[in-house]
file input_4.csv (CSV, C-alpha atoms)
chain,number,residue,atom,x,y,z
K,245,MET,CA,-19.9,-18.7,81.8
K,246,ALA,CA,-16.2,-19.5,81.8
K,247,ALA,CA,-14.0,-16.9,80.3
K,248,GLY,CA,-12.4,-17.7,76.9
K,249,PHE,CA,-9.0,-16.8,75.6
K,250,GLU,CA,-8.1,-13.2,75.7
K,251,PRO,CA,-4.9,-12.2,73.8
K,252,PRO,CA,-2.3,-10.5,76.0
K,253,PRO,CA,-1.0,-7.1,74.9
K,254,TYR,CA,1.3,-7.4,71.9
K,255,PRO,CA,4.9,-7.2,73.3
K,256,TYR,CA,5.9,-4.1,71.4
K,257,ASP,CA,2.7,-2.2,72.1
K,258,ARG,CA,4.0,-1.8,75.7
K,259,LEU,CA,6.6,0.6,74.4
K,260,GLU,CA,4.2,3.2,73.2
K,261,PRO,CA,4.6,5.5,76.2
K,262,MET,CA,8.4,5.5,75.7
K,263,LYS,CA,8.0,6.2,72.0
K,264,ALA,CA,6.3,9.5,72.7
K,265,LYS,CA,9.1,10.6,74.9
K,266,ALA,CA,11.8,9.6,72.4
K,267,GLN,CA,10.0,11.4,69.7
K,268,ARG,CA,10.4,14.7,71.5
K,269,HIS,CA,14.1,14.9,70.5
K,270,GLU,CA,15.1,16.9,67.5
K,271,GLY,CA,15.4,14.4,64.7
K,272,GLY,CA,12.8,12.2,66.2
K,273,ALA,CA,12.9,8.7,67.8
K,274,VAL,CA,15.6,6.2,66.7
K,275,ASP,CA,13.8,2.9,66.8
K,276,LEU,CA,16.1,0.0,67.8
K,277,SER,CA,13.3,-2.0,69.5
K,278,VAL,CA,12.3,-4.3,66.6
K,279,GLY,CA,14.4,-6.2,64.1
K,280,THR,CA,12.8,-4.5,61.1
K,281,PRO,CA,15.4,-4.0,58.4
K,282,ASN,CA,15.8,-0.4,57.3
K,283,ASP,CA,18.4,-1.0,54.6
K,284,PRO,CA,17.2,-1.3,51.0
K,285,PRO,CA,16.9,-4.7,49.2
K,286,PRO,CA,18.8,-5.1,46.0
K,287,GLN,CA,17.3,-3.4,43.0
K,288,PHE,CA,17.4,-6.6,40.9
K,289,VAL,CA,15.1,-8.2,43.5
K,290,ILE,CA,12.6,-5.3,43.3
K,291,ASP,CA,12.8,-5.6,39.5
K,292,ALA,CA,11.9,-9.3,39.7
K,293,LEU,CA,9.1,-8.5,42.0
K,294,ALA,CA,7.7,-5.9,39.6
K,295,GLN,CA,8.3,-7.9,36.3
K,296,SER,CA,7.3,-11.5,37.2
K,297,GLY,CA,4.0,-11.6,35.3
K,298,ALA,CA,2.8,-13.9,38.1
K,299,GLU,CA,0.0,-11.7,39.3
K,300,ARG,CA,-2.9,-13.4,37.6
K,301,GLY,CA,-2.9,-17.0,38.6
K,302,TYR,CA,-3.0,-18.6,42.0
K,303,PRO,CA,0.6,-19.5,43.1
K,304,ALA,CA,1.5,-23.0,44.3
K,305,SER,CA,1.1,-23.2,48.0
K,306,ILE,CA,4.2,-25.3,48.4
K,307,GLY,CA,6.2,-22.8,46.4
K,308,SER,CA,7.1,-22.8,42.8
K,309,VAL,CA,9.6,-25.4,41.4
K,310,ALA,CA,12.0,-22.4,40.8
K,311,LEU,CA,11.7,-21.2,44.4
K,312,ARG,CA,12.2,-24.7,45.9
K,313,ASN,CA,15.2,-25.3,43.7
K,314,ALA,CA,16.7,-21.9,44.6
K,315,ALA,CA,16.3,-22.8,48.3
K,316,SER,CA,17.9,-26.2,47.8
K,317,GLU,CA,20.8,-24.6,45.9
K,318,TRP,CA,21.2,-21.9,48.6
K,319,MET,CA,21.4,-24.5,51.4
K,320,GLN,CA,24.0,-26.5,49.6
K,321,ARG,CA,26.1,-23.4,48.7
K,322,ARG,CA,25.9,-21.6,52.0
K,323,LEU,CA,25.3,-24.3,54.6
K,324,GLY,CA,26.9,-27.3,52.9
K,325,VAL,CA,23.8,-29.6,53.0
K,326,ASP,CA,22.0,-31.4,50.2
K,327,VAL,CA,18.2,-31.1,50.7
K,328,PRO,CA,16.1,-32.1,47.7
K,329,SER,CA,13.4,-29.6,46.6
K,330,THR,CA,10.8,-32.3,47.4
K,331,ALA,CA,11.7,-31.8,51.1
K,332,ILE,CA,11.3,-28.0,50.9
K,333,ALA,CA,8.1,-25.8,51.0
K,334,ALA,CA,7.4,-22.1,51.0
K,335,CYS,CA,5.8,-20.1,53.8
K,336,ILE,CA,4.4,-16.5,54.1
K,337,GLY,CA,7.3,-15.3,56.1
K,338,THR,CA,8.2,-17.5,59.0
K,339,LYS,CA,6.3,-15.9,61.9
K,340,GLU,CA,2.9,-17.4,60.7
K,341,LEU,CA,4.6,-20.8,60.3
K,342,VAL,CA,6.1,-20.6,63.8
K,343,ALA,CA,2.8,-19.6,65.3
K,344,CYS,CA,0.8,-22.3,63.5
K,345,ILE,CA,3.0,-25.4,63.6
K,346,PRO,CA,1.8,-26.5,67.1
K,347,GLN,CA,-1.8,-26.6,66.0
K,348,TYR,CA,-1.0,-28.6,62.9
K,349,LEU,CA,1.2,-31.1,64.8
K,350,LYS,CA,-1.5,-31.4,67.6
K,351,LEU,CA,-3.9,-32.6,64.9
K,352,ARG,CA,-1.3,-35.2,63.8
K,353,THR,CA,-0.3,-36.3,67.3
K,354,PRO,CA,-3.3,-35.7,69.6
K,355,ASP,CA,-1.8,-37.6,72.5
K,356,ARG,CA,1.0,-35.1,72.9
K,357,ASP,CA,0.3,-31.6,74.2
K,358,THR,CA,3.6,-29.8,75.0
K,359,VAL,CA,5.7,-27.3,73.1
K,360,LEU,CA,9.3,-27.0,74.3
K,361,TYR,CA,11.1,-23.7,73.5
K,362,PRO,CA,14.1,-21.7,74.9
K,363,ALA,CA,13.4,-19.8,78.1
K,364,ILE,CA,14.9,-16.7,76.5
K,365,SER,CA,13.6,-16.5,73.0
K,366,TYR,CA,11.3,-15.0,70.3
K,367,PRO,CA,7.9,-14.7,72.0
K,368,THR,CA,6.0,-16.4,69.1
K,369,TYR,CA,7.3,-19.9,70.1
K,370,GLU,CA,5.4,-19.6,73.3
K,371,MET,CA,2.4,-17.9,71.7
K,372,GLY,CA,2.1,-20.6,69.1
K,373,ALA,CA,1.7,-23.2,71.8
K,374,ILE,CA,-0.9,-21.1,73.6
K,375,LEU,CA,-2.9,-20.5,70.4
K,376,ALA,CA,-2.9,-24.3,69.8
K,377,GLY,CA,-4.2,-25.0,73.3
K,378,CYS,CA,-0.9,-26.7,74.2
K,379,ARG,CA,1.3,-26.5,77.2
K,380,ALA,CA,4.1,-24.0,76.6
K,381,VAL,CA,7.2,-25.3,78.5
K,382,ALA,CA,10.3,-23.1,78.6
K,383,VAL,CA,13.6,-25.0,78.5
K,384,PRO,CA,16.2,-23.3,80.8
K,385,VAL,CA,19.3,-21.7,79.3
K,386,ASP,CA,22.7,-21.6,80.8
K,387,GLU,CA,24.8,-18.5,81.8
K,388,HIS,CA,25.7,-18.0,78.1
K,389,TRP,CA,22.0,-18.2,77.1
K,390,ARG,CA,22.5,-21.6,75.4
K,391,LEU,CA,19.7,-24.3,75.6
K,392,ASP,CA,20.2,-26.7,78.6
K,393,LEU,CA,18.6,-29.9,77.2
K,394,SER,CA,19.5,-31.8,80.4
K,395,ALA,CA,16.9,-29.7,82.3
K,396,ILE,CA,14.0,-31.1,80.3
K,397,SER,CA,12.0,-33.5,82.5
K,398,GLU,CA,11.1,-36.9,81.3
K,399,ASP,CA,7.4,-36.1,81.7
K,400,ASP,CA,7.8,-33.0,79.5
K,401,ALA,CA,9.8,-35.0,76.9
K,402,ALA,CA,7.2,-37.7,76.8
K,403,ARG,CA,4.4,-35.2,76.2
K,404,ALA,CA,6.3,-33.0,73.7
K,405,LEU,CA,5.0,-32.3,70.2
K,406,LEU,CA,8.2,-30.5,69.2
K,407,LEU,CA,11.3,-28.7,70.4
K,408,TRP,CA,12.2,-25.3,69.1
K,409,VAL,CA,15.8,-24.2,68.8
K,410,ASN,CA,17.0,-20.9,67.5
K,411,THR,CA,20.6,-20.2,66.6
K,412,PRO,CA,22.1,-17.6,66.2
K,413,GLY,CA,19.6,-16.7,68.9
K,414,ASN,CA,17.2,-13.9,69.3
K,415,PRO,CA,17.6,-11.9,71.6
K,416,ALA,CA,21.0,-13.0,73.1
K,417,GLY,CA,22.9,-13.9,69.9
K,418,GLN,CA,24.1,-17.3,71.3
K,419,ILE,CA,25.3,-20.2,69.2
K,420,ASP,CA,23.6,-23.4,70.4
K,421,ASP,CA,24.7,-27.0,69.9
K,422,LEU,CA,22.5,-28.2,67.1
K,423,GLU,CA,24.1,-31.6,67.0
K,424,ALA,CA,23.1,-32.1,70.7
K,425,ALA,CA,19.5,-30.8,69.9
K,426,ALA,CA,19.1,-33.2,67.0
K,427,ALA,CA,20.4,-36.1,69.1
K,428,TRP,CA,18.0,-35.2,72.0
K,429,GLY,CA,15.0,-35.1,69.7
K,430,ARG,CA,15.8,-38.4,68.1
K,431,SER,CA,16.4,-40.1,71.4
K,432,HIS,CA,13.0,-38.9,72.7
K,433,GLY,CA,11.0,-39.2,69.5
K,434,VAL,CA,10.4,-35.5,69.4
K,435,PRO,CA,10.6,-33.5,66.2
K,436,VAL,CA,13.1,-30.6,66.4
K,437,PHE,CA,12.3,-27.4,64.5
K,438,SER,CA,15.4,-25.1,64.1
K,439,ASP,CA,14.7,-21.4,63.4
K,440,GLU,CA,17.8,-20.3,61.5
K,441,CYS,CA,16.7,-16.9,60.2
K,442,TYR,CA,19.9,-15.2,61.3
K,443,VAL,CA,22.3,-17.8,60.0
K,444,GLU,CA,23.8,-15.5,57.3
K,445,PHE,CA,24.9,-13.2,60.2
K,446,THR,CA,27.0,-15.7,62.1
K,447,TRP,CA,30.0,-14.0,63.7
K,448,GLN,CA,31.6,-16.9,65.7
K,449,GLY,CA,32.5,-20.0,63.8
K,450,PRO,CA,31.0,-21.3,60.5
K,451,ARG,CA,27.3,-20.9,59.6
K,452,GLN,CA,25.3,-23.9,61.0
K,453,THR,CA,22.1,-25.7,60.2
K,454,ILE,CA,20.5,-28.6,62.1
K,455,LEU,CA,20.2,-30.4,58.8
K,456,SER,CA,24.0,-31.1,58.9
K,457,GLN,CA,22.8,-33.9,61.2
K,458,GLY,CA,20.6,-35.4,58.5
K,459,THR,CA,16.9,-34.8,58.1
K,460,ASP,CA,15.2,-37.5,60.1
K,461,GLY,CA,12.9,-35.8,62.6
K,462,LEU,CA,14.4,-32.4,61.9
K,463,VAL,CA,13.1,-29.3,60.1
K,464,ALA,CA,15.0,-26.1,59.5
K,465,VAL,CA,13.1,-22.8,59.1
K,466,HIS,CA,14.6,-20.0,57.0
K,467,SER,CA,13.5,-16.5,56.0
K,468,LEU,CA,14.5,-13.8,53.5
K,469,SER,CA,13.4,-11.0,55.8
K,470,LYS,CA,16.8,-10.5,57.4
K,471,ARG,CA,19.3,-11.8,54.8
K,472,SER,CA,17.8,-9.7,52.0
K,473,ASN,CA,15.9,-6.9,53.8
K,474,LEU,CA,12.6,-8.3,52.5
K,475,ALA,CA,10.5,-8.4,55.7
K,476,GLY,CA,7.7,-6.5,53.9
K,477,VAL,CA,7.2,-9.1,51.2
K,478,ARG,CA,6.8,-12.1,53.6
K,479,VAL,CA,8.6,-15.1,52.2
K,480,GLY,CA,10.5,-18.0,53.8
K,481,PHE,CA,10.7,-21.7,53.6
K,482,TYR,CA,11.0,-24.8,55.7
K,483,ALA,CA,13.1,-27.9,54.8
K,484,GLY,CA,14.1,-31.3,56.2
K,485,ASP,CA,12.2,-34.4,57.2
K,486,GLU,CA,10.2,-35.3,54.1
K,487,ALA,CA,7.2,-36.8,56.1
K,488,LEU,CA,7.0,-33.7,58.3
K,489,VAL,CA,7.4,-31.2,55.4
K,490,ASP,CA,4.9,-33.1,53.3
K,491,TYR,CA,2.3,-33.2,56.1
K,492,LEU,CA,2.7,-29.4,56.9
K,493,ARG,CA,2.5,-28.4,53.3
K,494,GLU,CA,-0.6,-30.5,52.7
K,495,VAL,CA,-2.4,-29.0,55.7
K,496,ARG,CA,-1.3,-25.5,54.6
K,497,LYS,CA,-2.5,-26.2,51.1
K,498,HIS,CA,-6.0,-26.9,52.4
K,499,ALA,CA,-6.0,-23.7,54.4
K,500,GLY,CA,-4.9,-21.6,51.4
K,501,PHE,CA,-1.6,-20.4,52.6
K,502,MET,CA,0.1,-19.1,49.5
K,503,VAL,CA,3.2,-16.9,49.0
K,504,PRO,CA,2.2,-14.4,46.2
K,505,GLY,CA,3.6,-15.3,42.8
K,506,PRO,CA,5.6,-12.0,42.3
K,507,VAL,CA,7.1,-12.5,45.8
K,508,GLN,CA,8.2,-16.0,44.9
K,509,ALA,CA,9.9,-14.7,41.8
K,510,ALA,CA,11.7,-12.1,43.8
K,511,ALA,CA,12.8,-14.7,46.3
K,512,VAL,CA,14.4,-16.9,43.6
K,513,VAL,CA,16.8,-14.1,42.5
K,514,ALA,CA,17.5,-13.0,46.1
K,515,LEU,CA,18.4,-16.6,47.1
K,516,GLY,CA,20.7,-16.8,44.1
K,517,ASP,CA,22.9,-13.9,45.1
K,518,ASP,CA,25.3,-13.8,48.0
K,519,ALA,CA,27.0,-10.5,47.3
K,520,HIS,CA,24.2,-8.3,48.7
K,521,VAL,CA,24.2,-10.4,51.9
K,522,ALA,CA,27.9,-9.9,52.4
K,523,VAL,CA,27.4,-6.1,52.2
K,524,GLN,CA,24.6,-6.3,54.7
K,525,ALA,CA,26.6,-8.4,57.1
K,526,GLU,CA,29.4,-5.8,57.1
K,527,ARG,CA,26.9,-3.1,57.9
K,528,TYR,CA,25.6,-5.0,60.9
K,529,ARG,CA,29.1,-6.0,62.1
K,530,GLU,CA,30.2,-2.3,62.1
K,531,ARG,CA,27.0,-1.1,63.9
K,532,LEU,CA,27.3,-3.8,66.6
K,533,GLU,CA,30.9,-2.7,67.4
K,534,ARG,CA,30.2,1.0,67.3
K,535,PHE,CA,27.0,0.9,69.4
K,536,ALA,CA,28.5,-1.4,72.0
K,537,ASP,CA,30.9,1.5,72.6
K,538,THR,CA,27.9,3.9,72.9
K,539,LEU,CA,26.1,1.7,75.4
K,540,ALA,CA,29.3,1.4,77.5
K,541,GLY,CA,28.9,5.0,78.3
K,542,VAL,CA,25.6,4.4,80.1
K,543,GLY,CA,26.1,1.0,81.6
K,544,PRO,CA,28.2,-2.2,81.2
K,545,ARG,CA,29.6,-2.7,77.7
K,546,PRO,CA,27.6,-5.5,76.1
K,547,GLU,CA,29.4,-8.5,74.7
K,548,LEU,CA,29.2,-8.8,70.9
K,549,PRO,CA,26.8,-11.6,69.9
K,550,GLY,CA,27.9,-14.9,68.4
K,551,GLY,CA,25.4,-14.2,65.6
K,552,GLY,CA,22.5,-12.0,64.6
K,553,PHE,CA,22.3,-8.2,64.8
K,554,TYR,CA,21.1,-7.6,68.4
K,555,LEU,CA,23.1,-6.3,71.4
K,556,TRP,CA,21.9,-8.0,74.6
K,557,ALA,CA,22.8,-5.3,77.1
K,558,LYS,CA,22.7,-5.6,80.9
K,559,ALA,CA,20.8,-2.8,82.6
K,560,PRO,CA,23.3,-1.0,85.0
K,561,ASP,CA,21.0,-1.4,88.0
K,562,GLY,CA,19.2,-4.5,86.9
K,563,ASP,CA,16.0,-2.5,86.0
K,564,ALA,CA,15.5,-3.1,82.3
K,565,TRP,CA,12.3,-1.0,82.0
K,566,GLY,CA,14.0,1.9,83.9
K,567,HIS,CA,17.0,1.6,81.7
K,568,ALA,CA,14.9,1.6,78.5
K,569,GLU,CA,13.0,4.7,79.9
K,570,ARG,CA,16.3,6.5,80.5
K,571,LEU,CA,17.5,5.7,77.0
K,572,ALA,CA,14.3,7.0,75.5
K,573,VAL,CA,14.3,10.2,77.5
K,574,ASP,CA,18.1,11.0,77.3
K,575,GLY,CA,18.9,9.4,73.9
K,576,GLY,CA,15.6,9.4,72.0
K,577,VAL,CA,16.2,5.7,71.3
K,578,LEU,CA,13.8,2.8,71.7
K,579,VAL,CA,15.0,-0.5,72.9
K,580,THR,CA,13.2,-3.6,74.1
K,581,PRO,CA,13.2,-4.7,77.8
K,582,GLY,CA,14.5,-8.2,78.1
K,583,ASP,CA,11.5,-9.7,80.0
K,584,THR,CA,9.7,-9.5,76.6
K,585,PHE,CA,11.7,-12.7,75.8
K,586,GLY,CA,11.2,-14.5,79.1
K,587,PRO,CA,11.5,-13.7,82.8
K,588,GLN,CA,15.2,-14.6,82.9
K,589,GLY,CA,15.8,-11.6,80.6
K,590,ALA,CA,14.4,-9.1,83.1
K,591,GLY,CA,17.8,-7.4,83.8
K,592,TYR,CA,18.7,-6.8,80.1
K,593,VAL,CA,17.6,-4.8,77.1
K,594,ARG,CA,17.7,-5.9,73.4
K,595,VAL,CA,19.0,-3.4,71.0
K,596,ALA,CA,18.5,-4.0,67.2
K,597,MET,CA,21.2,-2.7,64.9
K,598,VAL,CA,18.7,-1.9,62.1
K,599,GLN,CA,19.3,1.8,61.7
K,600,PRO,CA,22.1,3.4,59.7
K,601,LEU,CA,25.2,4.6,61.3
K,602,GLU,CA,24.2,8.3,61.2
K,603,ARG,CA,21.1,7.5,63.3
K,604,LEU,CA,23.2,5.5,65.8
K,605,GLU,CA,25.7,8.4,66.0
K,606,LEU,CA,22.8,10.8,66.7
K,607,VAL,CA,21.9,8.6,69.7
K,608,ALA,CA,25.5,8.6,70.9
K,609,ARG,CA,25.7,12.4,70.7
K,610,ARG,CA,22.4,12.8,72.6
K,611,LEU,CA,23.5,10.4,75.4
K,612,ALA,CA,26.9,12.1,75.7
K,613,SER,CA,25.3,15.5,76.1
K,614,ALA,CA,22.8,14.2,78.6
call {"tool": "encode", "arguments": {"input": "input_4.csv", "output": "structure tokens"}}
result
Amino acid sequence: MAAGFEPPPYPYDRLEPMKAKAQRHEGGAVDLSVGTPNDPPPQFVIDALAQSGAERGYPASIGSVALRNAASEWMQRRLGVDVPSTAIAACIGTKELVACIPQYLKLRTPDRDTVLYPAISYPTYEMGAILAGCRAVAVPVDEHWRLDLSAISEDDAARALLLWVNTPGNPAGQIDDLEAAAAWGRSHGVPVFSDECYVEFTWQGPRQTILSQGTDGLVAVHSLSKRSNLAGVRVGFYAGDEALVDYLREVRKHAGFMVPGPVQAAAVVALGDDAHVAVQAERYRERLERFADTLAGVGPRPELPGGGFYLWAKAPDGDAWGHAERLAVDGGVLVTPGDTFGPQGAGYVRVAMVQPLERLELVARRLASA
């Protein structure tokens, strides 16, 4: 009997042996391996979560009118685009959406079987293709980690269900050319899905969305996990091409994907406030600058990212796993080896600036004494 699908090890599970070594330090391990926010969300958001009165009934799968209106207003206010609430739908965080979109689109377009995604990127783009039984084709990136659309073959373009772009990028923090991505998708008849979950933390140039190029064939994906420190409540939304959004929300409605009512109420007030995001952005900016100095003491100083809250740091001898091991042993800090995000990242580590400054300074002292 032919063997069926066997899931590979979850990427971050590979770090467990290092975690035990880092934990031996007084004060315990400092986990900078995952982009899990550690700063508190605003109290008024927690109050809305607790006081919504929305616990009893089934919430709308597409998102409440209030949530979709709040998302529309946020996009106009922060990104300068007008997207009607009819072209917006809610999702249970964006990871499940990213993982499931290829299967939904394969049902809609069964003669196409290929998912294009950046060669250095969030692993779920590739895994979503694999789970849908599709070809996962990595699009090369240039020396600045930006998507090289010219490297996509005509055969892959003709077979493509969708192209993923992600800017500011995870893990390298690059700013891609979204105008070029939109143009490529339209010229090849390929929907472009733009993961913009780090857009509020854009350091180089203005905040960008692919929907600045219109909505035809384009969908932007947004999350409250990073901007509002709400990763635990699982809420995001997708917006853009009305035919694509309508198709996805109808499929998801049949499958019972629903953001809990209290979570939707909290998301409405979070999207309506920009002040707490500005505070969080300053925290990340300071941590990036300070910890880049720390890493310069044990290897090449990493460049500050164009956006996001990760340092993409070159291993001093090109051995990312060895470098991560040394950081765990000497500094009690966990980082993610770069091949987690694609083979081209093998000589780098990703460092998430999600811990408060006092924890980062603890790592700096440990490394200095080592």
call {"tool": "residues_around", "arguments": {"input": "input_4.csv", "residues": "Lys497 in chain K", "least_positions_apart": "3", "cutoff": "9 Å", "atoms": "only C-alpha atoms", "output": "MDAnalysis selection string"}}
result
chainID K and resid 304:306 492:494 500:502
call {"tool": "atom_distance", "arguments": {"input": "input_4.csv", "atom1": "CA of Arg390 in chain K", "atom2": "CA of Gln599 in chain K"}}
result
27.3 Å
call {"tool": "closest_residue", "arguments": {"input": "input_4.csv", "among": "K:Ala596, K:Leu455, K:Cys441, K:Val512", "to": "Gly324 in chain K", "atoms": "all atoms listed in the file"}}
result
K:Leu455
call {"tool": "closest_atom_pairs", "arguments": {"input": "input_4.csv", "of": "range 415-525 of chain K", "to": "range 333-352 of chain K", "cutoff": "6 Å", "atoms": "all atoms listed in the file", "output": "JSON lines"}}
result
{"residue": "K:Arg478", "atom": "CA", "partner": "K:Gly337", "partner_atom": "CA", "distance": 4.1}
{"residue": "K:Val479", "atom": "CA", "partner": "K:Gly337", "partner_atom": "CA", "distance": 4.1}
{"residue": "K:Gly480", "atom": "CA", "partner": "K:Gly337", "partner_atom": "CA", "distance": 4.8}
{"residue": "K:Phe481", "atom": "CA", "partner": "K:Ala334", "partner_atom": "CA", "distance": 4.2}
{"residue": "K:Tyr482", "atom": "CA", "partner": "K:Ala333", "partner_atom": "CA", "distance": 5.6}
{"residue": "K:Val503", "atom": "CA", "partner": "K:Ile336", "partner_atom": "CA", "distance": 5.3}
call {"tool": "closest_residue", "arguments": {"input": "input_4.csv", "among": "K:Leu571, K:Ala382, K:Ala564, K:Ala298", "to": "Asp583 in chain K", "atoms": "only C-alpha atoms"}}
result
K:Ala564
call {"tool": "atom_distance", "arguments": {"input": "input_4.csv", "atom1": "CA of Pro600 in chain K", "atom2": "CA of Arg268 in chain K"}}
result
20.1 Å
call {"tool": "closest_residue", "arguments": {"input": "input_4.csv", "among": "K:Gly551, K:Asp400, K:Tyr254, K:Val325", "to": "Asp420 in chain K", "atoms": "all atoms listed in the file"}}
result
K:Gly551
call {"tool": "atom_distance", "arguments": {"input": "input_4.csv", "atom1": "CA of Glu530 in chain K", "atom2": "CA of Pro286 in chain K"}}
result
19.9 Å
call {"tool": "closest_residue", "arguments": {"input": "input_4.csv", "among": "K:Ile419, K:Ala590, K:Ala572, K:Ala612", "to": "Asp537 in chain K", "atoms": "only C-alpha atoms"}}
result
K:Ala612
call {"tool": "closest_residue", "arguments": {"input": "input_4.csv", "among": "K:Pro384, K:Pro354, K:Pro504, K:Gly377", "to": "Gly307 in chain K", "atoms": "all atoms listed in the file"}}
result
K:Pro504
call {"tool": "closest_residue", "arguments": {"input": "input_4.csv", "among": "K:Arg609, K:Arg451, K:Arg603, K:Arg471", "to": "Val274 in chain K", "atoms": "all atoms listed in the file"}}
result
K:Arg603
call {"tool": "residues_around", "arguments": {"input": "input_4.csv", "residues": "Ala608 in chain K", "least_positions_apart": "4", "cutoff": "9 Å", "atoms": "all atoms listed in the file", "output": "list of chain:residue names"}}
result
K:Phe535, K:Thr538, K:Leu539, K:Gly541, K:Gly575, K:Arg603, K:Leu604, K:Ala612, K:Ser613
call {"tool": "residues_around", "arguments": {"input": "input_4.csv", "residues": "range 516-526 of chain K", "least_positions_apart": "3", "cutoff": "9 Å", "atoms": "all atoms listed in the file", "output": "short mmCIF file (atom, residue, chain, number, x, y, z; two decimals) with C-alpha atoms, in the coordinates of the input"}}
result
data_model
loop_
_atom_site.label_atom_id
_atom_site.label_comp_id
_atom_site.auth_asym_id
_atom_site.auth_seq_id
_atom_site.Cartn_x
_atom_site.Cartn_y
_atom_site.Cartn_z
CA ASP K 283 18.40 -1.00 54.60
CA PRO K 285 16.90 -4.70 49.20
CA PRO K 286 18.80 -5.10 46.00
CA ALA K 314 16.70 -21.90 44.60
CA ALA K 315 16.30 -22.80 48.30
CA GLU K 317 20.80 -24.60 45.90
CA TRP K 318 21.20 -21.90 48.60
CA ARG K 322 25.90 -21.60 52.00
CA GLU K 444 23.80 -15.50 57.30
CA PHE K 445 24.90 -13.20 60.20
CA THR K 446 27.00 -15.70 62.10
CA ARG K 471 19.30 -11.80 54.80
CA SER K 472 17.80 -9.70 52.00
CA ASN K 473 15.90 -6.90 53.80
CA ALA K 511 12.80 -14.70 46.30
CA VAL K 512 14.40 -16.90 43.60
CA VAL K 513 16.80 -14.10 42.50
CA ARG K 529 29.10 -6.00 62.10
CA GLU K 530 30.20 -2.30 62.10
CA ARG K 531 27.00 -1.10 63.90
CA PHE K 553 22.30 -8.20 64.80
#
call {"tool": "build_atoms", "arguments": {"input": "input_4.csv", "residues": "range 395-409 of chain K", "atoms": "N, CA and C atoms", "output": "tab-separated table (two decimals), in the frame of the given file"}}
result
chain	number	residue	atom	x	y	z
K	395	ALA	N	17.94	-30.14	81.30
K	395	ALA	CA	16.90	-29.70	82.30
K	395	ALA	C	15.52	-30.05	81.88
K	396	ILE	N	15.32	-30.67	80.72
K	396	ILE	CA	14.00	-31.10	80.30
K	396	ILE	C	13.59	-32.33	81.07
K	397	SER	N	12.45	-32.30	81.74
K	397	SER	CA	12.00	-33.50	82.50
K	397	SER	C	11.55	-34.58	81.61
K	398	GLU	N	11.59	-35.79	82.12
K	398	GLU	CA	11.10	-36.90	81.30
K	398	GLU	C	9.66	-36.82	81.00
K	399	ASP	N	8.87	-36.27	81.93
K	399	ASP	CA	7.40	-36.10	81.70
K	399	ASP	C	7.20	-35.12	80.54
K	400	ASP	N	7.92	-33.99	80.55
K	400	ASP	CA	7.80	-33.00	79.50
K	400	ASP	C	8.22	-33.60	78.14
K	401	ALA	N	9.31	-34.35	78.15
K	401	ALA	CA	9.80	-35.00	76.90
K	401	ALA	C	8.77	-35.96	76.37
K	402	ALA	N	8.14	-36.73	77.24
K	402	ALA	CA	7.20	-37.70	76.80
K	402	ALA	C	5.91	-37.09	76.22
K	403	ARG	N	5.61	-35.85	76.64
K	403	ARG	CA	4.40	-35.20	76.20
K	403	ARG	C	4.70	-34.20	75.03
K	404	ALA	N	5.96	-34.06	74.61
K	404	ALA	CA	6.30	-33.00	73.70
K	404	ALA	C	5.91	-33.28	72.26
K	405	LEU	N	5.26	-32.28	71.66
K	405	LEU	CA	5.00	-32.30	70.20
K	405	LEU	C	6.20	-31.94	69.42
K	406	LEU	N	6.97	-30.98	69.93
K	406	LEU	CA	8.20	-30.50	69.20
K	406	LEU	C	9.04	-29.73	70.19
K	407	LEU	N	10.29	-29.58	69.77
K	407	LEU	CA	11.30	-28.70	70.40
K	407	LEU	C	11.70	-27.64	69.46
K	408	TRP	N	11.62	-26.38	69.90
K	408	TRP	CA	12.20	-25.30	69.10
K	408	TRP	C	13.59	-24.98	69.53
K	409	VAL	N	14.46	-24.79	68.56
K	409	VAL	CA	15.80	-24.20	68.80
K	409	VAL	C	15.94	-23.02	67.88
